[in-house]
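Shown here: upload15.cif, mmCIF, N, CA, C and O atoms.
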```cif
data_final
#
loop_
_atom_site.group_PDB
_atom_site.id
_atom_site.type_symbol
_atom_site.label_atom_id
_atom_site.label_comp_id
_atom_site.auth_asym_id
_atom_site.auth_seq_id
_atom_site.Cartn_x
_atom_site.Cartn_y
_atom_site.Cartn_z
ATOM 1 N N MET A 17 -187.603 9.413 -38.300
ATOM 2 C CA MET A 17 -187.401 10.500 -39.236
ATOM 3 C C MET A 17 -187.454 11.833 -38.497
ATOM 4 O O MET A 17 -188.289 12.044 -37.632
ATOM 5 N N MET A 18 -186.556 12.717 -38.855
ATOM 6 C CA MET A 18 -186.488 14.034 -38.221
ATOM 7 C C MET A 18 -187.728 14.861 -38.513
ATOM 8 O O MET A 18 -188.386 14.679 -39.523
ATOM 9 N N GLN A 19 -187.991 15.775 -37.616
ATOM 10 C CA GLN A 19 -189.125 16.676 -37.765
ATOM 11 C C GLN A 19 -188.698 17.880 -38.602
ATOM 12 O O GLN A 19 -187.711 18.531 -38.286
ATOM 13 N N PRO A 20 -189.430 18.178 -39.688
ATOM 14 C CA PRO A 20 -189.061 19.329 -40.516
ATOM 15 C C PRO A 20 -189.339 20.640 -39.794
ATOM 16 O O PRO A 20 -190.292 20.754 -39.027
ATOM 17 N N ILE A 21 -188.469 21.619 -40.048
ATOM 18 C CA ILE A 21 -188.614 22.937 -39.430
ATOM 19 C C ILE A 21 -188.050 23.973 -40.391
ATOM 20 O O ILE A 21 -187.104 23.697 -41.131
ATOM 21 N N SER A 22 -188.624 25.157 -40.388
ATOM 22 C CA SER A 22 -188.129 26.225 -41.256
ATOM 23 C C SER A 22 -186.829 26.795 -40.689
ATOM 24 O O SER A 22 -186.531 26.660 -39.494
ATOM 25 N N ILE A 23 -186.096 27.453 -41.557
ATOM 26 C CA ILE A 23 -184.851 28.100 -41.127
ATOM 27 C C ILE A 23 -185.136 29.120 -40.031
ATOM 28 O O ILE A 23 -184.434 29.160 -39.015
ATOM 29 N N GLU A 24 -186.162 29.929 -40.216
ATOM 30 C CA GLU A 24 -186.484 30.961 -39.227
ATOM 31 C C GLU A 24 -186.858 30.353 -37.877
ATOM 32 O O GLU A 24 -186.429 30.846 -36.829
ATOM 33 N N GLU A 25 -187.671 29.300 -37.889
ATOM 34 C CA GLU A 25 -188.069 28.656 -36.629
ATOM 35 C C GLU A 25 -186.857 28.040 -35.928
ATOM 36 O O GLU A 25 -186.693 28.185 -34.715
ATOM 37 N N TYR A 26 -186.014 27.354 -36.690
ATOM 38 C CA TYR A 26 -184.838 26.715 -36.100
ATOM 39 C C TYR A 26 -183.881 27.768 -35.542
ATOM 40 O O TYR A 26 -183.372 27.623 -34.425
ATOM 41 N N ALA A 27 -183.660 28.828 -36.311
ATOM 42 C CA ALA A 27 -182.775 29.896 -35.842
ATOM 43 C C ALA A 27 -183.313 30.493 -34.541
ATOM 44 O O ALA A 27 -182.543 30.752 -33.609
ATOM 45 N N GLY A 28 -184.615 30.685 -34.461
ATOM 46 C CA GLY A 28 -185.214 31.209 -33.236
ATOM 47 C C GLY A 28 -184.966 30.313 -32.039
ATOM 48 O O GLY A 28 -184.649 30.803 -30.949
ATOM 49 N N MET A 29 -185.091 29.003 -32.239
ATOM 50 C CA MET A 29 -184.836 28.054 -31.147
ATOM 51 C C MET A 29 -183.376 28.096 -30.717
ATOM 52 O O MET A 29 -183.074 28.090 -29.514
ATOM 53 N N VAL A 30 -182.464 28.124 -31.683
ATOM 54 C CA VAL A 30 -181.041 28.170 -31.355
ATOM 55 C C VAL A 30 -180.721 29.441 -30.591
ATOM 56 O O VAL A 30 -180.034 29.397 -29.562
ATOM 57 N N LEU A 31 -181.220 30.567 -31.068
ATOM 58 C CA LEU A 31 -180.941 31.846 -30.411
ATOM 59 C C LEU A 31 -181.530 31.906 -29.006
ATOM 60 O O LEU A 31 -180.924 32.495 -28.103
ATOM 61 N N GLU A 32 -182.683 31.286 -28.813
ATOM 62 C CA GLU A 32 -183.330 31.281 -27.503
ATOM 63 C C GLU A 32 -182.525 30.475 -26.482
ATOM 64 O O GLU A 32 -182.494 30.814 -25.298
ATOM 65 N N ASN A 33 -181.864 29.431 -26.957
ATOM 66 C CA ASN A 33 -181.179 28.514 -26.049
ATOM 67 C C ASN A 33 -179.661 28.674 -26.004
ATOM 68 O O ASN A 33 -179.004 27.973 -25.237
ATOM 69 N N ASN A 34 -179.108 29.554 -26.811
ATOM 70 C CA ASN A 34 -177.651 29.701 -26.886
ATOM 71 C C ASN A 34 -177.276 31.170 -27.023
ATOM 72 O O ASN A 34 -177.830 31.882 -27.843
ATOM 73 N N LYS A 35 -176.317 31.579 -26.254
ATOM 74 C CA LYS A 35 -175.813 32.949 -26.347
ATOM 75 C C LYS A 35 -174.654 32.978 -27.351
ATOM 76 O O LYS A 35 -174.004 31.983 -27.603
ATOM 77 N N GLY A 36 -174.427 34.126 -27.930
ATOM 78 C CA GLY A 36 -173.247 34.304 -28.764
ATOM 79 C C GLY A 36 -173.477 34.172 -30.260
ATOM 80 O O GLY A 36 -172.541 34.330 -31.030
ATOM 81 N N TYR A 37 -174.691 33.875 -30.681
ATOM 82 C CA TYR A 37 -174.973 33.805 -32.116
ATOM 83 C C TYR A 37 -175.586 35.119 -32.577
ATOM 84 O O TYR A 37 -176.375 35.729 -31.860
ATOM 85 N N ARG A 38 -175.235 35.526 -33.783
ATOM 86 C CA ARG A 38 -175.926 36.638 -34.445
ATOM 87 C C ARG A 38 -176.935 36.014 -35.385
ATOM 88 O O ARG A 38 -176.595 35.133 -36.172
ATOM 89 N N LYS A 39 -178.177 36.468 -35.339
ATOM 90 C CA LYS A 39 -179.233 35.869 -36.138
ATOM 91 C C LYS A 39 -178.877 35.851 -37.625
ATOM 92 O O LYS A 39 -179.071 34.848 -38.298
ATOM 93 N N GLU A 40 -178.355 36.945 -38.135
ATOM 94 C CA GLU A 40 -178.036 37.031 -39.560
ATOM 95 C C GLU A 40 -177.009 35.978 -39.963
ATOM 96 O O GLU A 40 -177.135 35.335 -41.004
ATOM 97 N N ASP A 41 -175.984 35.802 -39.136
ATOM 98 C CA ASP A 41 -174.940 34.815 -39.427
ATOM 99 C C ASP A 41 -175.489 33.393 -39.350
ATOM 100 O O ASP A 41 -175.157 32.539 -40.175
ATOM 101 N N LEU A 42 -176.327 33.147 -38.361
ATOM 102 C CA LEU A 42 -176.910 31.821 -38.196
ATOM 103 C C LEU A 42 -177.820 31.474 -39.367
ATOM 104 O O LEU A 42 -177.735 30.378 -39.931
ATOM 105 N N VAL A 43 -178.680 32.397 -39.764
ATOM 106 C CA VAL A 43 -179.587 32.159 -40.894
ATOM 107 C C VAL A 43 -178.779 31.904 -42.165
ATOM 108 O O VAL A 43 -179.090 30.997 -42.944
ATOM 109 N N GLN A 44 -177.733 32.671 -42.367
ATOM 110 C CA GLN A 44 -176.889 32.475 -43.547
ATOM 111 C C GLN A 44 -176.232 31.090 -43.528
ATOM 112 O O GLN A 44 -176.211 30.394 -44.544
ATOM 113 N N ALA A 45 -175.725 30.669 -42.390
ATOM 114 C CA ALA A 45 -175.113 29.340 -42.281
ATOM 115 C C ALA A 45 -176.138 28.242 -42.528
ATOM 116 O O ALA A 45 -175.848 27.248 -43.213
ATOM 117 N N LEU A 46 -177.340 28.405 -42.005
ATOM 118 C CA LEU A 46 -178.407 27.420 -42.235
ATOM 119 C C LEU A 46 -178.778 27.350 -43.710
ATOM 120 O O LEU A 46 -178.948 26.261 -44.264
ATOM 121 N N GLN A 47 -178.877 28.497 -44.359
ATOM 122 C CA GLN A 47 -179.189 28.515 -45.790
ATOM 123 C C GLN A 47 -178.096 27.824 -46.596
ATOM 124 O O GLN A 47 -178.386 27.044 -47.509
ATOM 125 N N GLN A 48 -176.849 28.089 -46.252
ATOM 126 C CA GLN A 48 -175.732 27.497 -46.980
ATOM 127 C C GLN A 48 -175.667 25.987 -46.799
ATOM 128 O O GLN A 48 -175.437 25.254 -47.763
ATOM 129 N N THR A 49 -175.869 25.508 -45.575
ATOM 130 C CA THR A 49 -175.792 24.057 -45.375
ATOM 131 C C THR A 49 -176.993 23.346 -45.978
ATOM 132 O O THR A 49 -176.853 22.231 -46.480
ATOM 133 N N LEU A 50 -178.160 23.982 -45.967
ATOM 134 C CA LEU A 50 -179.320 23.373 -46.613
ATOM 135 C C LEU A 50 -179.076 23.267 -48.123
ATOM 136 O O LEU A 50 -179.363 22.235 -48.728
ATOM 137 N N GLU A 51 -178.526 24.306 -48.706
ATOM 138 C CA GLU A 51 -178.210 24.276 -50.137
ATOM 139 C C GLU A 51 -177.167 23.193 -50.431
ATOM 140 O O GLU A 51 -177.280 22.458 -51.411
ATOM 141 N N ALA A 52 -176.158 23.092 -49.568
ATOM 142 C CA ALA A 52 -175.138 22.050 -49.753
ATOM 143 C C ALA A 52 -175.765 20.661 -49.690
ATOM 144 O O ALA A 52 -175.435 19.783 -50.500
ATOM 145 N N LYS A 53 -176.681 20.463 -48.746
ATOM 146 C CA LYS A 53 -177.357 19.166 -48.630
ATOM 147 C C LYS A 53 -178.151 18.870 -49.896
ATOM 148 O O LYS A 53 -178.093 17.758 -50.421
ATOM 149 N N LYS A 54 -178.881 19.867 -50.390
ATOM 150 C CA LYS A 54 -179.665 19.679 -51.606
ATOM 151 C C LYS A 54 -178.775 19.364 -52.805
ATOM 152 O O LYS A 54 -179.201 18.700 -53.743
ATOM 153 N N ASN A 55 -177.536 19.854 -52.759
ATOM 154 C CA ASN A 55 -176.585 19.609 -53.839
ATOM 155 C C ASN A 55 -175.760 18.341 -53.627
ATOM 156 O O ASN A 55 -174.789 18.112 -54.344
ATOM 157 N N GLY A 56 -176.134 17.541 -52.613
ATOM 158 C CA GLY A 56 -175.497 16.247 -52.424
ATOM 159 C C GLY A 56 -174.333 16.188 -51.455
ATOM 160 O O GLY A 56 -173.581 15.210 -51.463
ATOM 161 N N ALA A 57 -174.171 17.194 -50.590
ATOM 162 C CA ALA A 57 -173.070 17.171 -49.623
ATOM 163 C C ALA A 57 -173.158 15.928 -48.747
ATOM 164 O O ALA A 57 -174.245 15.508 -48.340
ATOM 165 N N ARG A 58 -172.001 15.355 -48.462
ATOM 166 C CA ARG A 58 -171.918 14.116 -47.692
ATOM 167 C C ARG A 58 -171.106 14.321 -46.423
ATOM 168 O O ARG A 58 -170.220 15.176 -46.348
ATOM 169 N N CYS A 59 -171.416 13.516 -45.433
ATOM 170 C CA CYS A 59 -170.706 13.522 -44.152
ATOM 171 C C CYS A 59 -169.226 13.228 -44.394
ATOM 172 O O CYS A 59 -168.884 12.292 -45.116
ATOM 173 N N THR A 60 -168.383 14.033 -43.789
ATOM 174 C CA THR A 60 -166.944 13.863 -43.971
ATOM 175 C C THR A 60 -166.406 12.625 -43.267
ATOM 176 O O THR A 60 -165.284 12.210 -43.543
ATOM 177 N N ILE A 61 -167.197 12.027 -42.394
ATOM 178 C CA ILE A 61 -166.757 10.826 -41.685
ATOM 179 C C ILE A 61 -167.261 9.557 -42.354
ATOM 180 O O ILE A 61 -166.483 8.655 -42.655
ATOM 181 N N CYS A 62 -168.572 9.466 -42.603
ATOM 182 C CA CYS A 62 -169.145 8.201 -43.081
ATOM 183 C C CYS A 62 -169.707 8.236 -44.498
ATOM 184 O O CYS A 62 -170.036 7.202 -45.052
ATOM 185 N N GLY A 63 -169.873 9.429 -45.061
ATOM 186 C CA GLY A 63 -170.378 9.543 -46.423
ATOM 187 C C GLY A 63 -171.892 9.616 -46.554
ATOM 188 O O GLY A 63 -172.413 9.707 -47.658
ATOM 189 N N ALA A 64 -172.619 9.599 -45.444
ATOM 190 C CA ALA A 64 -174.083 9.738 -45.482
ATOM 191 C C ALA A 64 -174.441 11.193 -45.806
ATOM 192 O O ALA A 64 -173.612 12.092 -45.646
ATOM 193 N N PRO A 65 -175.677 11.458 -46.238
ATOM 194 C CA PRO A 65 -176.099 12.854 -46.446
ATOM 195 C C PRO A 65 -175.935 13.654 -45.153
ATOM 196 O O PRO A 65 -176.139 13.132 -44.054
ATOM 197 N N ILE A 66 -175.563 14.916 -45.300
ATOM 198 C CA ILE A 66 -175.337 15.732 -44.106
ATOM 199 C C ILE A 66 -176.643 16.063 -43.395
ATOM 200 O O ILE A 66 -177.715 16.031 -43.979
ATOM 201 N N TRP A 67 -176.522 16.369 -42.124
ATOM 202 C CA TRP A 67 -177.603 16.913 -41.307
ATOM 203 C C TRP A 67 -177.407 18.422 -41.374
ATOM 204 O O TRP A 67 -176.513 18.977 -40.740
ATOM 205 N N ALA A 68 -178.204 19.105 -42.174
ATOM 206 C CA ALA A 68 -177.993 20.525 -42.439
ATOM 207 C C ALA A 68 -178.089 21.369 -41.168
ATOM 208 O O ALA A 68 -177.276 22.270 -40.959
ATOM 209 N N ALA A 69 -179.061 21.089 -40.316
ATOM 210 C CA ALA A 69 -179.226 21.879 -39.090
ATOM 211 C C ALA A 69 -177.986 21.778 -38.204
ATOM 212 O O ALA A 69 -177.471 22.784 -37.719
ATOM 213 N N GLY A 70 -177.496 20.586 -37.993
ATOM 214 C CA GLY A 70 -176.322 20.383 -37.153
ATOM 215 C C GLY A 70 -175.045 20.875 -37.799
ATOM 216 O O GLY A 70 -174.166 21.432 -37.144
ATOM 217 N N SER A 71 -174.939 20.681 -39.109
ATOM 218 C CA SER A 71 -173.740 21.110 -39.827
ATOM 219 C C SER A 71 -173.588 22.624 -39.799
ATOM 220 O O SER A 71 -172.470 23.142 -39.738
ATOM 221 N N ALA A 72 -174.698 23.340 -39.827
ATOM 222 C CA ALA A 72 -174.637 24.802 -39.755
ATOM 223 C C ALA A 72 -174.086 25.250 -38.405
ATOM 224 O O ALA A 72 -173.345 26.228 -38.327
ATOM 225 N N ILE A 73 -174.423 24.522 -37.364
ATOM 226 C CA ILE A 73 -173.964 24.883 -36.018
ATOM 227 C C ILE A 73 -172.493 24.516 -35.821
ATOM 228 O O ILE A 73 -171.719 25.286 -35.271
ATOM 229 N N THR A 74 -172.105 23.326 -36.273
ATOM 230 C CA THR A 74 -170.736 22.860 -36.061
ATOM 231 C C THR A 74 -169.748 23.408 -37.069
ATOM 232 O O THR A 74 -168.549 23.411 -36.825
ATOM 233 N N GLY A 75 -170.264 23.827 -38.239
ATOM 234 C CA GLY A 75 -169.372 24.307 -39.285
ATOM 235 C C GLY A 75 -168.665 23.192 -40.028
ATOM 236 O O GLY A 75 -167.711 23.429 -40.757
ATOM 237 N N THR A 76 -169.133 21.962 -39.843
ATOM 238 C CA THR A 76 -168.542 20.785 -40.486
ATOM 239 C C THR A 76 -169.648 19.946 -41.086
ATOM 240 O O THR A 76 -170.679 19.745 -40.455
ATOM 241 N N ASN A 77 -169.444 19.435 -42.286
ATOM 242 C CA ASN A 77 -170.440 18.583 -42.925
ATOM 243 C C ASN A 77 -170.463 17.210 -42.266
ATOM 244 O O ASN A 77 -169.611 16.363 -42.539
ATOM 245 N N LEU A 78 -171.453 17.016 -41.392
ATOM 246 C CA LEU A 78 -171.621 15.745 -40.691
ATOM 247 C C LEU A 78 -173.067 15.293 -40.789
ATOM 248 O O LEU A 78 -173.982 16.121 -40.842
ATOM 249 N N CYS A 79 -173.281 13.983 -40.761
ATOM 250 C CA CYS A 79 -174.636 13.446 -40.662
ATOM 251 C C CYS A 79 -175.058 13.514 -39.189
ATOM 252 O O CYS A 79 -174.238 13.797 -38.307
ATOM 253 N N PHE A 80 -176.308 13.231 -38.934
ATOM 254 C CA PHE A 80 -176.817 13.292 -37.560
ATOM 255 C C PHE A 80 -176.032 12.369 -36.633
ATOM 256 O O PHE A 80 -175.594 12.779 -35.554
ATOM 257 N N THR A 81 -175.844 11.127 -37.046
ATOM 258 C CA THR A 81 -175.185 10.142 -36.182
ATOM 259 C C THR A 81 -173.743 10.523 -35.877
ATOM 260 O O THR A 81 -173.305 10.445 -34.730
ATOM 261 N N CYS A 82 -172.995 10.964 -36.875
ATOM 262 C CA CYS A 82 -171.604 11.341 -36.631
ATOM 263 C C CYS A 82 -171.497 12.618 -35.797
ATOM 264 O O CYS A 82 -170.561 12.782 -35.025
ATOM 265 N N ALA A 83 -172.476 13.511 -35.918
ATOM 266 C CA ALA A 83 -172.456 14.754 -35.132
ATOM 267 C C ALA A 83 -172.851 14.524 -33.687
ATOM 268 O O ALA A 83 -172.322 15.170 -32.785
ATOM 269 N N THR A 84 -173.786 13.599 -33.451
ATOM 270 C CA THR A 84 -174.327 13.440 -32.097
ATOM 271 C C THR A 84 -173.942 12.136 -31.416
ATOM 272 O O THR A 84 -174.079 12.022 -30.199
ATOM 273 N N GLY A 85 -173.555 11.135 -32.187
ATOM 274 C CA GLY A 85 -173.278 9.819 -31.626
ATOM 275 C C GLY A 85 -174.544 9.021 -31.374
ATOM 276 O O GLY A 85 -174.504 7.951 -30.779
ATOM 277 N N GLU A 86 -175.686 9.538 -31.816
ATOM 278 C CA GLU A 86 -176.973 8.872 -31.616
ATOM 279 C C GLU A 86 -177.509 8.354 -32.948
ATOM 280 O O GLU A 86 -177.246 8.928 -34.003
ATOM 281 N N ALA A 87 -178.282 7.291 -32.899
ATOM 282 C CA ALA A 87 -178.878 6.731 -34.113
ATOM 283 C C ALA A 87 -180.326 7.172 -34.295
ATOM 284 O O ALA A 87 -180.805 7.274 -35.422
ATOM 285 N N ASP A 88 -181.036 7.446 -33.214
ATOM 286 C CA ASP A 88 -182.455 7.813 -33.272
ATOM 287 C C ASP A 88 -182.597 9.319 -33.418
ATOM 288 O O ASP A 88 -182.350 10.069 -32.478
ATOM 289 N N ASP A 89 -183.020 9.744 -34.603
ATOM 290 C CA ASP A 89 -183.173 11.173 -34.854
ATOM 291 C C ASP A 89 -184.626 11.637 -34.809
ATOM 292 O O ASP A 89 -184.944 12.758 -35.168
ATOM 293 N N SER A 90 -185.522 10.789 -34.324
ATOM 294 C CA SER A 90 -186.958 11.075 -34.389
ATOM 295 C C SER A 90 -187.401 12.273 -33.548
ATOM 296 O O SER A 90 -188.455 12.844 -33.802
ATOM 297 N N GLU A 91 -186.616 12.682 -32.578
ATOM 298 C CA GLU A 91 -186.988 13.813 -31.753
ATOM 299 C C GLU A 91 -186.186 15.063 -32.087
ATOM 300 O O GLU A 91 -186.244 16.046 -31.357
ATOM 301 N N ASP A 92 -185.468 15.019 -33.189
ATOM 302 C CA ASP A 92 -184.650 16.147 -33.601
ATOM 303 C C ASP A 92 -185.209 16.798 -34.859
ATOM 304 O O ASP A 92 -186.091 16.264 -35.501
ATOM 305 N N TYR A 93 -184.658 17.941 -35.201
ATOM 306 C CA TYR A 93 -185.153 18.738 -36.320
ATOM 307 C C TYR A 93 -184.186 18.722 -37.500
ATOM 308 O O TYR A 93 -182.978 18.598 -37.314
ATOM 309 N N GLU A 94 -184.750 18.917 -38.679
ATOM 310 C CA GLU A 94 -183.963 19.167 -39.874
ATOM 311 C C GLU A 94 -184.618 20.303 -40.625
ATOM 312 O O GLU A 94 -185.852 20.316 -40.794
ATOM 313 N N ILE A 95 -183.812 21.261 -41.030
ATOM 314 C CA ILE A 95 -184.371 22.393 -41.747
ATOM 315 C C ILE A 95 -184.865 21.950 -43.119
ATOM 316 O O ILE A 95 -184.353 21.015 -43.712
ATOM 317 N N GLU A 96 -185.908 22.622 -43.563
ATOM 318 C CA GLU A 96 -186.497 22.276 -44.864
ATOM 319 C C GLU A 96 -186.438 23.431 -45.814
ATOM 320 O O GLU A 96 -186.239 24.529 -45.473
#
```
For this file, produce the structure as structure tokens.
Amino acid sequence: MMQPISIEEYAGMVLENNKGYRKEDLVQALQQTLEAKKNGARCTICGAPIWAAGSAITGTNLCFTCATGEADDSEDYEIE
């Protein structure tokens, strides 16, 4: 199971490790994808619930496995 993280904490990690993001835009994208997930958004490839943290970064509604190609999400984060 993914580790829960706040939008602000996740945005801080992304900004620390990646150049080219504006904090305001990133926070807005995270809020939108989290809301979409809560409203039942599904992965466009397999139909599983979306991974909100990853979907905000990619701009595409994908689950963790379809976004990363990995099955073990225990060391990754999901916004709460």
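Compared by their closest atoms to Cys62 of chain A, and using all atoms listed in the file, the residues A:Pro20, A:Leu78, A:Arg38, A:Glu25 rank with A:Leu78 nearest.
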Separation of atom O of Tyr37 of chain A from atom O of Glu51 of chain A in Å: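 Atom-to-atom, atom O of Glu51 of chain A and atom O of Tyr37 of chain A are spaced 23.6 Å apart.
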For atom CA of Cys82 of chain A and atom CA of Glu94 of chain A, the interatomic separation in Å (one decimal):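 About the pair atom CA of Cys82 of chain A and atom CA of Glu94 of chain A: they are 15.0 Å apart.
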query: Which is closer to Glu91 of chain A than all the others in A:Ala57, A:Ala45, A:Met17, A:Ala64, using only C-alpha atoms?
result: A:Met17
message: For the provided coordinates, the residues matched by the PyMOL selection byres (((chain A and resi 61 and name CA) around 12) and name CA) should be stated as a PyMOL selection string.
response: chain A and resi 57-60+62-66+76-83
Could you please take those selected residues and save N, CA, C and O atoms as a compact mmCIF listing (two decimals), in the coordinates of the input?
```
# COMPACT_ATOMS: atom_id res chain seq x y z
N ALA A 57 -174.17 17.19 -50.59
CA ALA A 57 -173.07 17.17 -49.62
C ALA A 57 -173.16 15.93 -48.75
O ALA A 57 -174.24 15.51 -48.34
N ARG A 58 -172.00 15.36 -48.46
CA ARG A 58 -171.92 14.12 -47.69
C ARG A 58 -171.11 14.32 -46.42
O ARG A 58 -170.22 15.18 -46.35
N CYS A 59 -171.42 13.52 -45.43
CA CYS A 59 -170.71 13.52 -44.15
C CYS A 59 -169.23 13.23 -44.39
O CYS A 59 -168.88 12.29 -45.12
N THR A 60 -168.38 14.03 -43.79
CA THR A 60 -166.94 13.86 -43.97
C THR A 60 -166.41 12.62 -43.27
O THR A 60 -165.28 12.21 -43.54
N CYS A 62 -168.57 9.47 -42.60
CA CYS A 62 -169.14 8.20 -43.08
C CYS A 62 -169.71 8.24 -44.50
O CYS A 62 -170.04 7.20 -45.05
N GLY A 63 -169.87 9.43 -45.06
CA GLY A 63 -170.38 9.54 -46.42
C GLY A 63 -171.89 9.62 -46.55
O GLY A 63 -172.41 9.71 -47.66
N ALA A 64 -172.62 9.60 -45.44
CA ALA A 64 -174.08 9.74 -45.48
C ALA A 64 -174.44 11.19 -45.81
O ALA A 64 -173.61 12.09 -45.65
N PRO A 65 -175.68 11.46 -46.24
CA PRO A 65 -176.10 12.85 -46.45
C PRO A 65 -175.94 13.65 -45.15
O PRO A 65 -176.14 13.13 -44.05
N ILE A 66 -175.56 14.92 -45.30
CA ILE A 66 -175.34 15.73 -44.11
C ILE A 66 -176.64 16.06 -43.40
O ILE A 66 -177.72 16.03 -43.98
N THR A 76 -169.13 21.96 -39.84
CA THR A 76 -168.54 20.78 -40.49
C THR A 76 -169.65 19.95 -41.09
O THR A 76 -170.68 19.74 -40.46
N ASN A 77 -169.44 19.43 -42.29
CA ASN A 77 -170.44 18.58 -42.92
C ASN A 77 -170.46 17.21 -42.27
O ASN A 77 -169.61 16.36 -42.54
N LEU A 78 -171.45 17.02 -41.39
CA LEU A 78 -171.62 15.74 -40.69
C LEU A 78 -173.07 15.29 -40.79
O LEU A 78 -173.98 16.12 -40.84
N CYS A 79 -173.28 13.98 -40.76
CA CYS A 79 -174.64 13.45 -40.66
C CYS A 79 -175.06 13.51 -39.19
O CYS A 79 -174.24 13.80 -38.31
N PHE A 80 -176.31 13.23 -38.93
CA PHE A 80 -176.82 13.29 -37.56
C PHE A 80 -176.03 12.37 -36.63
O PHE A 80 -175.59 12.78 -35.55
N THR A 81 -175.84 11.13 -37.05
CA THR A 81 -175.18 10.14 -36.18
C THR A 81 -173.74 10.52 -35.88
O THR A 81 -173.30 10.44 -34.73
N CYS A 82 -173.00 10.96 -36.88
CA CYS A 82 -171.60 11.34 -36.63
C CYS A 82 -171.50 12.62 -35.80
O CYS A 82 -170.56 12.78 -35.02
N ALA A 83 -172.48 13.51 -35.92
CA ALA A 83 -172.46 14.75 -35.13
C ALA A 83 -172.85 14.52 -33.69
O ALA A 83 -172.32 15.17 -32.78
```
- prompt: Interatomic distance between atom CA of Gly56 of chain A and atom CA of Ala68 of chain A?
  reply: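 So the two atoms, atom CA of Gly56 of chain A and atom CA of Ala68 of chain A, lie 11.1 Å apart.
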Hits from the PyMOL selection byres ((chain A and resi 96) around 5), listed as an NGL selection string: :A and (21-23 or 94-95)
Can you write out the residues you just picked, keeping N, CA, C and O atoms, as a compact mmCIF listing (two decimals), in the coordinates of the input?
```
# COMPACT_ATOMS: atom_id res chain seq x y z
N ILE A 21 -188.47 21.62 -40.05
CA ILE A 21 -188.61 22.94 -39.43
C ILE A 21 -188.05 23.97 -40.39
O ILE A 21 -187.10 23.70 -41.13
N SER A 22 -188.62 25.16 -40.39
CA SER A 22 -188.13 26.22 -41.26
C SER A 22 -186.83 26.80 -40.69
O SER A 22 -186.53 26.66 -39.49
N ILE A 23 -186.10 27.45 -41.56
CA ILE A 23 -184.85 28.10 -41.13
C ILE A 23 -185.14 29.12 -40.03
O ILE A 23 -184.43 29.16 -39.02
N GLU A 94 -184.75 18.92 -38.68
CA GLU A 94 -183.96 19.17 -39.87
C GLU A 94 -184.62 20.30 -40.62
O GLU A 94 -185.85 20.32 -40.79
N ILE A 95 -183.81 21.26 -41.03
CA ILE A 95 -184.37 22.39 -41.75
C ILE A 95 -184.86 21.95 -43.12
O ILE A 95 -184.35 21.02 -43.71
```
Mind checking DSSP for chain A and telling me the strand (DSSP E) residues as a PDB file with N, CA, C and O atoms, keeping the file's coordinate frame?
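Now in selection_29.pdb:
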```pdb
ATOM      1  N   GLN A  19    -187.991  15.775 -37.616  1.00  0.00           N
ATOM      2  CA  GLN A  19    -189.125  16.676 -37.765  1.00  0.00           C
ATOM      3  C   GLN A  19    -188.698  17.880 -38.602  1.00  0.00           C
ATOM      4  O   GLN A  19    -187.711  18.531 -38.286  1.00  0.00           O
ATOM      5  N   PRO A  20    -189.430  18.178 -39.688  1.00  0.00           N
ATOM      6  CA  PRO A  20    -189.061  19.329 -40.516  1.00  0.00           C
ATOM      7  C   PRO A  20    -189.339  20.640 -39.794  1.00  0.00           C
ATOM      8  O   PRO A  20    -190.292  20.754 -39.027  1.00  0.00           O
ATOM      9  N   ILE A  21    -188.469  21.619 -40.048  1.00  0.00           N
ATOM     10  CA  ILE A  21    -188.614  22.937 -39.430  1.00  0.00           C
ATOM     11  C   ILE A  21    -188.050  23.973 -40.391  1.00  0.00           C
ATOM     12  O   ILE A  21    -187.104  23.697 -41.131  1.00  0.00           O
ATOM     13  N   TYR A  93    -184.658  17.941 -35.201  1.00  0.00           N
ATOM     14  CA  TYR A  93    -185.153  18.738 -36.320  1.00  0.00           C
ATOM     15  C   TYR A  93    -184.186  18.722 -37.500  1.00  0.00           C
ATOM     16  O   TYR A  93    -182.978  18.598 -37.314  1.00  0.00           O
ATOM     17  N   GLU A  94    -184.750  18.917 -38.679  1.00  0.00           N
ATOM     18  CA  GLU A  94    -183.963  19.167 -39.874  1.00  0.00           C
ATOM     19  C   GLU A  94    -184.618  20.303 -40.625  1.00  0.00           C
ATOM     20  O   GLU A  94    -185.852  20.316 -40.794  1.00  0.00           O
ATOM     21  N   ILE A  95    -183.812  21.261 -41.030  1.00  0.00           N
ATOM     22  CA  ILE A  95    -184.371  22.393 -41.747  1.00  0.00           C
ATOM     23  C   ILE A  95    -184.865  21.950 -43.119  1.00  0.00           C
ATOM     24  O   ILE A  95    -184.353  21.015 -43.712  1.00  0.00           O
TER      25      ILE A  95
END
```
